[in-house]
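For reference, the structure discussed in these notes is given below.
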Amino acid sequence: MSSDDSADLVRRALAGDPAAQNELVARLTPVIQVRVARTLLPRRFRLAGGRDIREEVKDLSQDVFLALFDRDGRVLRTWQPERGLSLESFVGLIAERQVLSFLRSGRRNPWKEDPLLASDENEWESPQSDPEEIVASREQKSLLLERFREELSPLGWRMFDLLYI
């Protein structure tokens with residue numbers, strides 16, 4: 001795809017075109033996942049602590065998408081094809097920087113030890129399979145999704161839907 005086609009795709013996606021948003025996410029997902037994995041893999045032995053790196057790649061890839069589309073796509077809008085980087089290269093660079101930022105800040109490190117998991121005192125009981133609890137849980141989920149839909153912009157809701165639902 002040419003840089004003009006990529007620029008048009010980004011422009012249409014940020015303008016709220018659902019087909020363009022789907023195409024953009026589908027096109028950028030493999031690029032982001034590869035760059036996230038490539039950035040995490042050299043650090044996995046020092047940091048992993050037995051956690052599945054594939055799950056971390058998925059989680060951090062979602063964080064990269066959030067950063068790209070945050071504040072009305074501010075980061076995506078900074079891409080300028082005339083500067084020589086393709087859209088994929090630009091997004092890959094953003095993904096690497098985002099992951100390094102996550103790893104540098106101790107609180108956002110995906111492999112930081114979880115104090116709840118380290119303590120044997122905190123044993124969680126599984127909830128009863130009470131039908132009333134199941135119905136209440138479904139209603140609560142439905143209300144939460146309805147609230148998200150009301151609070152988020154159309155683009156925000158679309159990104160939430162594509163990334164989480």
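Labels used: A, B, ... for chains in the order of the structure tokens, numbers from 1 for residues in each chain, and numbers from 1 for ligands as shown.
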**Prompt:** Near Thr39 (chain A), counting only C-alpha atoms, which residues have an atom at most 8 Å away, once you skip same-chain residues fewer than 3 positions from it, shown as a ChimeraX atom specification?
**Reply:** /A:35-36,42-43,96,99-100
**Request:** Excluding region 65-80 of chain A and residues on its chain fewer than 3 positions from it, collect all residues at most 10 Å away from it, counting only C-alpha atoms, and give them as a ChimeraX atom specification.
**Result:** /A:3,7,10-11,13-15,25,28-29,32,60-62,83-87,90-91,94-95,98,153,155-156,159-160,163
**Item:** Atomic distance CA of Ala20 (chain A) - CA of Arg149 (chain A), expressed in Å with one decimal
**Value:**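 These two atoms are separated by 20.1 Å.
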**Message:** As an exercise, work out the distance from CA of Glu23 (chain A) to CA of Glu88 (chain A) in Å and give it to one decimal place.
**Reply:**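 So the answer is 13.1 Å.
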**Prompt:** Just how far from CA of Leu93 (chain A) is CA of Asp8 (chain A), in Å to one decimal?
**Reply:**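 These two atoms are separated by 20.4 Å.
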**Message:** Considering only helix (DSSP H, G or I) as DSSP defines it on the backbone, what residues of region 49-106 of chain A qualify? List them as a ChimeraX atom specification.
**Reply:** /A:53-77,81-83,87-104,106
Residues within 8 Å of Val57 (chain A), only C-alpha atoms, excluding chain neighbours under 2 positions, as a PDB file with C-alpha atoms, in the first residue's frame:
```
ATOM      1  CA  GLN A  33       2.665  -7.532  18.099  1.00  0.00           C
ATOM      2  CA  VAL A  36       6.276  -5.645  21.190  1.00  0.00           C
ATOM      3  CA  ALA A  37       7.533  -9.238  21.198  1.00  0.00           C
ATOM      4  CA  LEU A  40      10.216  -7.993  25.278  1.00  0.00           C
ATOM      5  CA  ILE A  53       5.086 -13.780  27.202  1.00  0.00           C
ATOM      6  CA  ARG A  54       2.303 -14.218  24.623  1.00  0.00           C
ATOM      7  CA  GLU A  55      -0.239 -12.796  27.067  1.00  0.00           C
ATOM      8  CA  ASP A  59      -1.764  -6.805  26.713  1.00  0.00           C
ATOM      9  CA  LEU A  60       0.995  -4.433  25.674  1.00  0.00           C
ATOM     10  CA  SER A  61      -0.248  -4.414  22.079  1.00  0.00           C
TER      11      SER A  61
END
```
**Request:** Determine the nearest neighbour of Asp161 (chain A) from the options A:Asp17, A:Ser137, A:Arg12, A:Asn22, counting only C-alpha atoms.
**Result:**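 The answer is A:Asn22, which sits nearest to Asp161 (chain A).
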